[in-house]
Structure formats: structure tokens, C-alpha cells
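Novice: Handing you this structure, nothing more for now.
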Amino acid sequence: MTKKVTMQQIADHLGVSKYVVSKALSGKKGVSEATKERVIQVASQLGYFAQNSGYMKPIKLGREEEEKPNSDIRQSVLVLMPNIRFQTRDSLYWGRILDGISKRLEDKGIGMVIVMEQNAETFMHLLNPEGILGMIGVGEIASSMLLEIHRLGVTTVLVDHEDPLIPSDTLFANNYDCMYRLTKHLIGIGHRSIGFIGNVRYSRSFFDRWNGFRGALEEYELWNGQEHLTQLDIMEHYDEPIKQWLLRRKKLRALPTALVCANDSLALDACKAIQELGLAVPEDISISGFDNIDDTVRHSPAITTVNVPKEMLGARAVDRLLERLDRPKEPLEKILIAGEVIYRESIAGNK
């Protein structure tokens, strides 16, 4: 029989007191966000949450609150999108998802409250669970913040993010299938040396896109352990690290004939890096992106990409939240919204 994981074991692993672990896991004040994140991470790794299902049960509203059919206090949806990793309303990707959420809620006569707070403790001071129907989380959100929200019994749907500690419905584009299809197309037009650019640990979407790329190469026996640029640090522009990586590949006489990028911003930076090396797209290296942001069609040459129906992701998240509120005991769903490969001038056949 597996030995039970205790708070003391978590404390010993981190070199802190059991008191600190207890406060972090119970959501009480007096523990820094950094410490709380470390406690949650280690507790998850050791299997603490898996054996403590009761810990994950949300607080239920009392019967008095549940039996107010004429009450109009719960008429807004909270949209949480912490301002991290360029997740902003002005983003050509995240902003479109917010547009989809806003439009669908407006059509249904439901209000929206957008919160971009990153700190769980500050956020909890702002949150009034009595005043919201539920929450839609957009993009990456810290586990500590999601745990606090879950404790309050707030029904949650996550878009482009999932957390193994949080029972919730999730929505993604079908990232694997689209990247698999795009990579197979490059192979079909003659490319045999294809590189991938994108931090595979950045998000679940990037990880799925990486796996779709790798799956296509393996199917055609083109996977040979070659170097890919998969561990980029988080920064605003990537043209310099991409250029340095290409220079290393050039010295080894191993320049790829095509680059598959995990999103459009990386593809645009890759085009700049290639140009700075005196090479041309697609004559020397073909380039593809993912997401279909507006800048890809304006670029010269226009970038081949995958159209992610961003507004539909947001709208469908609203639909799923309302369905969940209406039928709370149904099994959780992971919904994949179909994307479409858009072929443009940035790729060409390789003879």
C-alpha cells in the first residue's frame, strides 16, 4: 500500500516549516506568492493532491443563497487574463479571444468583468463570488490563483490553458492536428530538413504543436534527433537568438530548408533573422507560423500559418460555462476547435 504523503514531507522537501505548508495549501495569508507556488508544485509532484480529493472540493453556497430565484446579483461573468507573457487586451491573439467572449456575453445580456491581476492574494480581495455567474480564464494562470478560485466554488472554464489540479472544462484549438497537417505538407513538397522554433514548455498549445510536428517527421522516418530551437527564454523579440541558432547550423552545413514556428510572432522574427543573414524567404528557407494574426498577411512575403478561430474560442467558452452552470454534474469536457492551414507565399517546394 502506498504510504500517504504528509505536509511534513512537503515541508522537509522544501526546507520550510509544516506551518508554512499548511498555510500555503489552505490559502491563508502570511505566505508569499513565490513560496505558495513552490509548495503547490512540490505537493503536486509528491502526489499530495491525488490522495486528498477532499482538499479539492469547492466551498458550496448555503441554501439561503442557492434559493434566490429572483435575485439579479449573479449577472456577470468574470474574465481572468493575468498580464503575463504578453497576454494583453491589445494582443492580436489574446485580444481576439476576449472579443469573442465579450460579443457572446453581450448577445446573451450578461455582463463581463475583466481582471488582469497576477497576485492571488490581491485578486481574492477584488473577487466577490456572490456577484458573478462564473469565471472564464484566458491563457496561463498560476495554480495558486486557480486553487483560490476553486475553493470558493466558482464555476470555471479555461481557454488555451489547463491545470491538472483544477477540475474544469477547457478549450483549445486542435493544435496537434493542424501542425501535423502543415508539416506533412512541407514534407510533401520536398522538404527533408525541417526545423522547429518555439519553447515547448511555454504553454500546452506550444507543446501540442511540437508533438504534431514531431509526429509528422516520425511517420516519414525523418526524425533523427536533429537540433531544434525549443528552449527559448521569454522575451519580446526572438530574431537575435534565431539568427545565432541559424549561424550555428550554417557552420555545421546543416541549415534547414524549412522552419516551422510555434506561433506567428516567432515566424515574423525568423523572417527578419533570415534576411539579416543575407538569405531569402522562401527561396532559401521556407517559413510557417501559427495563429493567423493580422501581421502575417501584411508581411512580404505573406506568412503561411494556421488560422485559429480566436473569436470562436471565446464565444464557445461562454457557451460551455453556461452549459456547465445548467448541468453541473455532467463529465468535464476538453473541447478542440478546428483550425485551418492557410498556405501563402512564405513556403515553396524544395527540389
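By order in the C-alpha cells, chains are A, B, ...; within a chain, residues start at 1; ligands start at 1, following the order shown.
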Give me the range 116-202 of chain A side of the contact with range 237-260 of chain A, cut-off 8 Å, one line per residue showing its nearest atom pair and distance in Å at one decimal, counting only C-alpha atoms, sorted by chain and residue number, as a tab-separated table.
Specialist:
residue	atom	partner	partner_atom	distance
A:Thr183	CA	A:Val260	CA	7.5
A:Leu186	CA	A:Ala258	CA	7.7
A:His191	CA	A:Thr257	CA	6.4
A:Arg192	CA	A:Thr257	CA	7.6
A:Ser193	CA	A:Pro256	CA	4.8
A:Ile194	CA	A:Ala258	CA	4.8
A:Gly195	CA	A:Leu259	CA	4.7
A:Phe196	CA	A:Val260	CA	4.9
A:Ile197	CA	A:Val260	CA	6.3
Novice: Those same residues, written as an mmCIF file, in the first residue's frame with N, CA, C and O atoms?
Specialist:
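The result, written out as again28.cif:
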data_model
loop_
_atom_site.group_PDB
_atom_site.id
_atom_site.type_symbol
_atom_site.label_atom_id
_atom_site.label_comp_id
_atom_site.auth_asym_id
_atom_site.auth_seq_id
_atom_site.Cartn_x
_atom_site.Cartn_y
_atom_site.Cartn_z
ATOM 1 N N THR A 183 3.101 20.234 -41.341
ATOM 2 C CA THR A 183 4.417 19.618 -41.507
ATOM 3 C C THR A 183 4.394 18.572 -42.617
ATOM 4 O O THR A 183 5.335 18.465 -43.417
ATOM 5 N N LEU A 186 4.787 20.283 -45.927
ATOM 6 C CA LEU A 186 6.183 20.646 -46.223
ATOM 7 C C LEU A 186 6.975 19.430 -46.694
ATOM 8 O O LEU A 186 7.773 19.522 -47.635
ATOM 9 N N HIS A 191 10.607 18.973 -48.682
ATOM 10 C CA HIS A 191 11.498 19.328 -47.571
ATOM 11 C C HIS A 191 11.823 18.099 -46.727
ATOM 12 O O HIS A 191 10.932 17.347 -46.324
ATOM 13 N N ARG A 192 13.105 17.919 -46.451
ATOM 14 C CA ARG A 192 13.560 16.802 -45.622
ATOM 15 C C ARG A 192 14.321 17.273 -44.393
ATOM 16 O O ARG A 192 14.529 16.509 -43.453
ATOM 17 N N SER A 193 14.767 18.514 -44.406
ATOM 18 C CA SER A 193 15.442 19.101 -43.243
ATOM 19 C C SER A 193 14.579 20.267 -42.740
ATOM 20 O O SER A 193 14.637 21.375 -43.273
ATOM 21 N N ILE A 194 13.747 19.968 -41.734
ATOM 22 C CA ILE A 194 12.776 20.955 -41.243
ATOM 23 C C ILE A 194 13.055 21.226 -39.768
ATOM 24 O O ILE A 194 13.167 20.290 -38.965
ATOM 25 N N GLY A 195 13.175 22.488 -39.409
ATOM 26 C CA GLY A 195 13.450 22.863 -38.021
ATOM 27 C C GLY A 195 12.198 23.393 -37.336
ATOM 28 O O GLY A 195 11.286 23.910 -37.985
ATOM 29 N N PHE A 196 12.181 23.274 -36.012
ATOM 30 C CA PHE A 196 11.071 23.788 -35.200
ATOM 31 C C PHE A 196 11.589 24.901 -34.312
ATOM 32 O O PHE A 196 12.652 24.771 -33.678
ATOM 33 N N ILE A 197 10.848 25.995 -34.221
ATOM 34 C CA ILE A 197 11.211 27.113 -33.343
ATOM 35 C C ILE A 197 10.056 27.389 -32.392
ATOM 36 O O ILE A 197 8.923 27.624 -32.823
#
Novice: Please report, as JSON lines, each residue of range 122-185 of chain A lying at most 10 Å from range 87-93 of chain A, together with the nearest pair of atoms and the separation in Å rounded to one decimal; use only C-alpha atoms, and order rows by chain and ascending residue number.
Specialist:
{"residue": "A:Val138", "atom": "CA", "partner": "A:Gln87", "partner_atom": "CA", "distance": 8.5}
{"residue": "A:Gly139", "atom": "CA", "partner": "A:Gln87", "partner_atom": "CA", "distance": 7.0}
{"residue": "A:Glu140", "atom": "CA", "partner": "A:Gln87", "partner_atom": "CA", "distance": 8.4}
Novice: With N, CA and C atoms retained, write the just-selected residues as a short mmCIF file (atom, residue, chain, number, x, y, z; two decimals), in the first residue's frame.
Specialist:
data_model
loop_
_atom_site.label_atom_id
_atom_site.label_comp_id
_atom_site.auth_asym_id
_atom_site.auth_seq_id
_atom_site.Cartn_x
_atom_site.Cartn_y
_atom_site.Cartn_z
N VAL A 138 -8.40 32.98 -19.32
CA VAL A 138 -7.81 33.06 -20.66
C VAL A 138 -6.29 33.05 -20.55
N GLY A 139 -5.66 32.07 -21.18
CA GLY A 139 -4.21 31.97 -21.15
C GLY A 139 -3.70 31.39 -19.85
N GLU A 140 -2.40 31.51 -19.64
CA GLU A 140 -1.77 30.91 -18.46
C GLU A 140 -2.18 31.64 -17.18
#
Novice: Can you tell me, as a ChimeraX atom specification, which residues in range 229-314 of chain A count as alpha helix (DSSP H) by DSSP?
Specialist: /A:239-251,264-276,294-298,310-314
Novice: How many Å separate CA of Asn175 in chain A from CA of Gly198 in chain A?
Specialist: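 CA of Gly198 in chain A lies 13.6 Å from CA of Asn175 in chain A.
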Novice: Which residues are near Lys108 in chain A? Cut-off 12 Å, only C-alpha atoms, ignore same chain within fewer than 5 positions. Put them as JSON, numbers by chain.
Specialist: {"A": [75, 76, 77, 101, 102, 103, 315, 318, 319, 322]}
Novice: Write to file, as an mmCIF file, in the first residue's frame, the residues of the selection just made, with all heavy atoms.
Specialist:
data_model
loop_
_atom_site.group_PDB
_atom_site.id
_atom_site.type_symbol
_atom_site.label_atom_id
_atom_site.label_comp_id
_atom_site.auth_asym_id
_atom_site.auth_seq_id
_atom_site.Cartn_x
_atom_site.Cartn_y
_atom_site.Cartn_z
ATOM 1 N N GLN A 75 -25.151 38.243 -12.277
ATOM 2 C CA GLN A 75 -25.433 38.517 -13.673
ATOM 3 C C GLN A 75 -24.199 38.939 -14.456
ATOM 4 O O GLN A 75 -24.317 39.531 -15.513
ATOM 5 C CB GLN A 75 -26.521 39.594 -13.776
ATOM 6 C CG GLN A 75 -27.881 39.148 -13.275
ATOM 7 C CD GLN A 75 -28.384 37.913 -14.005
ATOM 8 O OE1 GLN A 75 -28.420 37.869 -15.220
ATOM 9 N NE2 GLN A 75 -28.759 36.880 -13.257
ATOM 10 N N SER A 76 -23.014 38.625 -13.952
ATOM 11 C CA SER A 76 -21.780 38.952 -14.663
ATOM 12 C C SER A 76 -20.867 37.739 -14.681
ATOM 13 O O SER A 76 -20.909 36.893 -13.795
ATOM 14 C CB SER A 76 -21.057 40.131 -14.000
ATOM 15 O OG SER A 76 -21.806 41.319 -14.139
ATOM 16 N N VAL A 77 -20.038 37.675 -15.709
ATOM 17 C CA VAL A 77 -19.008 36.645 -15.802
ATOM 18 C C VAL A 77 -17.656 37.308 -15.608
ATOM 19 O O VAL A 77 -17.372 38.348 -16.220
ATOM 20 C CB VAL A 77 -19.070 35.929 -17.169
ATOM 21 C CG1 VAL A 77 -17.815 35.090 -17.412
ATOM 22 C CG2 VAL A 77 -20.314 35.040 -17.248
ATOM 23 N N ILE A 101 -15.489 36.493 -26.355
ATOM 24 C CA ILE A 101 -16.180 36.367 -25.064
ATOM 25 C C ILE A 101 -17.150 37.527 -24.874
ATOM 26 O O ILE A 101 -18.326 37.339 -24.530
ATOM 27 C CB ILE A 101 -15.159 36.329 -23.907
ATOM 28 C CG1 ILE A 101 -14.305 35.060 -23.989
ATOM 29 C CG2 ILE A 101 -15.878 36.397 -22.553
ATOM 30 C CD1 ILE A 101 -13.143 35.051 -22.998
ATOM 31 N N SER A 102 -16.650 38.741 -25.114
ATOM 32 C CA SER A 102 -17.459 39.942 -24.912
ATOM 33 C C SER A 102 -18.707 39.944 -25.785
ATOM 34 O O SER A 102 -19.815 40.241 -25.323
ATOM 35 C CB SER A 102 -16.607 41.181 -25.212
ATOM 36 O OG SER A 102 -17.374 42.355 -25.126
ATOM 37 N N LYS A 103 -18.536 39.594 -27.070
ATOM 38 C CA LYS A 103 -19.667 39.616 -28.002
ATOM 39 C C LYS A 103 -20.733 38.593 -27.596
ATOM 40 O O LYS A 103 -21.931 38.896 -27.601
ATOM 41 C CB LYS A 103 -19.153 39.312 -29.412
ATOM 42 C CG LYS A 103 -20.249 39.253 -30.481
ATOM 43 C CD LYS A 103 -20.932 40.615 -30.655
ATOM 44 C CE LYS A 103 -21.750 40.685 -31.931
ATOM 45 N NZ LYS A 103 -22.794 39.653 -32.008
ATOM 46 N N ALA A 315 -16.182 32.720 -27.726
ATOM 47 C CA ALA A 315 -17.638 32.531 -27.721
ATOM 48 C C ALA A 315 -18.012 31.154 -27.192
ATOM 49 O O ALA A 315 -18.953 31.004 -26.405
ATOM 50 C CB ALA A 315 -18.192 32.727 -29.135
ATOM 51 N N VAL A 318 -17.928 30.851 -23.438
ATOM 52 C CA VAL A 318 -19.144 31.360 -22.789
ATOM 53 C C VAL A 318 -20.238 30.300 -22.840
ATOM 54 O O VAL A 318 -20.905 30.017 -21.826
ATOM 55 C CB VAL A 318 -19.628 32.655 -23.471
ATOM 56 C CG1 VAL A 318 -20.985 33.084 -22.910
ATOM 57 C CG2 VAL A 318 -18.606 33.768 -23.287
ATOM 58 N N ASP A 319 -20.419 29.703 -24.018
ATOM 59 C CA ASP A 319 -21.448 28.664 -24.157
ATOM 60 C C ASP A 319 -21.204 27.520 -23.182
ATOM 61 O O ASP A 319 -22.136 27.031 -22.531
ATOM 62 C CB ASP A 319 -21.458 28.116 -25.588
ATOM 63 C CG ASP A 319 -21.900 29.147 -26.610
ATOM 64 O OD1 ASP A 319 -22.519 30.155 -26.206
ATOM 65 O OD2 ASP A 319 -21.611 28.952 -27.806
ATOM 66 N N LEU A 322 -22.048 28.426 -19.521
ATOM 67 C CA LEU A 322 -23.493 28.427 -19.267
ATOM 68 C C LEU A 322 -24.047 26.997 -19.249
ATOM 69 O O LEU A 322 -24.938 26.680 -18.456
ATOM 70 C CB LEU A 322 -24.208 29.275 -20.314
ATOM 71 C CG LEU A 322 -23.815 30.760 -20.336
ATOM 72 C CD1 LEU A 322 -24.566 31.493 -21.442
ATOM 73 C CD2 LEU A 322 -24.040 31.420 -18.988
#
Novice: Rounded to one decimal, what separation in Å do you get between CA of Leu146 in chain A and CA of Asn307 in chain A?
Specialist: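 Distance reported for this atom pair: 29.0 Å.
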Novice: Pick out the residues sitting within 8 Å of Ile141 in chain A, and hand them over as a list of chain:residue names; count only C-alpha atoms, and ignore anything fewer than 5 positions along from it in its own chain.
Specialist: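 Close residues of Ile141 in chain A: A:Met81, A:Pro82, A:Leu146, A:His161.
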Novice: Restricted to N, CA and C atoms, what would the selected residues look like written as a PDB file, in the first residue's frame?
Specialist:
ATOM      1  N   MET A  81      -7.499  37.188 -17.071  1.00  0.00           N
ATOM      2  CA  MET A  81      -6.378  37.041 -18.001  1.00  0.00           C
ATOM      3  C   MET A  81      -5.180  37.800 -17.440  1.00  0.00           C
ATOM      4  N   PRO A  82      -4.426  37.159 -16.540  1.00  0.00           N
ATOM      5  CA  PRO A  82      -3.286  37.846 -15.926  1.00  0.00           C
ATOM      6  C   PRO A  82      -2.333  38.383 -16.990  1.00  0.00           C
ATOM      7  N   LEU A 146      -5.790  29.760  -9.321  1.00  0.00           N
ATOM      8  CA  LEU A 146      -6.899  28.884  -9.685  1.00  0.00           C
ATOM      9  C   LEU A 146      -7.398  28.089  -8.487  1.00  0.00           C
ATOM     10  N   HIS A 161      -5.510  26.876 -21.861  1.00  0.00           N
ATOM     11  CA  HIS A 161      -4.746  26.554 -20.657  1.00  0.00           C
ATOM     12  C   HIS A 161      -5.463  25.439 -19.912  1.00  0.00           C
TER      13      HIS A 161
END
Novice: When you draw a straight line from CA of Ala142 in chain A to CA of Leu171 in chain A, how long is it in Å?
Specialist: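 Going from CA of Ala142 in chain A over to CA of Leu171 in chain A covers 17.3 Å.
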Novice: Just want the 7 Å neighbourhood of Val154 in chain A, counted on only C-alpha atoms, with same-chain residues fewer than 2 positions away dropped. Output as a CSV table (one decimal) with N, CA and C atoms, in the first residue's frame.
Specialist:
chain,number,residue,atom,x,y,z
A,129,PRO,N,-17.5,36.4,-5.0
A,129,PRO,CA,-18.2,35.3,-5.6
A,129,PRO,C,-19.7,35.4,-5.7
A,134,GLY,N,-19.9,32.9,-13.0
A,134,GLY,CA,-18.7,32.0,-13.1
A,134,GLY,C,-17.5,32.7,-13.7
A,135,MET,N,-16.5,32.0,-14.0
A,135,MET,CA,-15.3,32.6,-14.5
A,135,MET,C,-14.8,31.9,-15.7
A,149,ILE,N,-9.7,30.3,-6.4
A,149,ILE,CA,-11.0,30.5,-7.0
A,149,ILE,C,-11.8,29.2,-6.9
A,150,HIS,N,-11.2,28.1,-7.1
A,150,HIS,CA,-11.9,26.8,-6.9
A,150,HIS,C,-12.4,26.6,-5.5
A,152,LEU,N,-13.6,28.7,-3.6
A,152,LEU,CA,-14.8,29.5,-3.4
A,152,LEU,C,-16.0,28.9,-4.2
A,156,THR,N,-15.7,27.3,-13.4
A,156,THR,CA,-14.6,27.9,-14.2
A,156,THR,C,-14.4,27.1,-15.5
Novice: Write down as a PyMOL selection string the residues belonging to range 94-241 of chain A that are assigned strand (DSSP E or B) by DSSP computed on the backbone.
Specialist: chain A and resi 111-115+134-138+156-159+169-173+194-197+229
Novice: Considering only C-alpha atoms, can you say which of A:Val31, A:Ile40, A:Ala262, A:Leu217 comes closest to Thr230 in chain A?
Specialist: A:Ala262
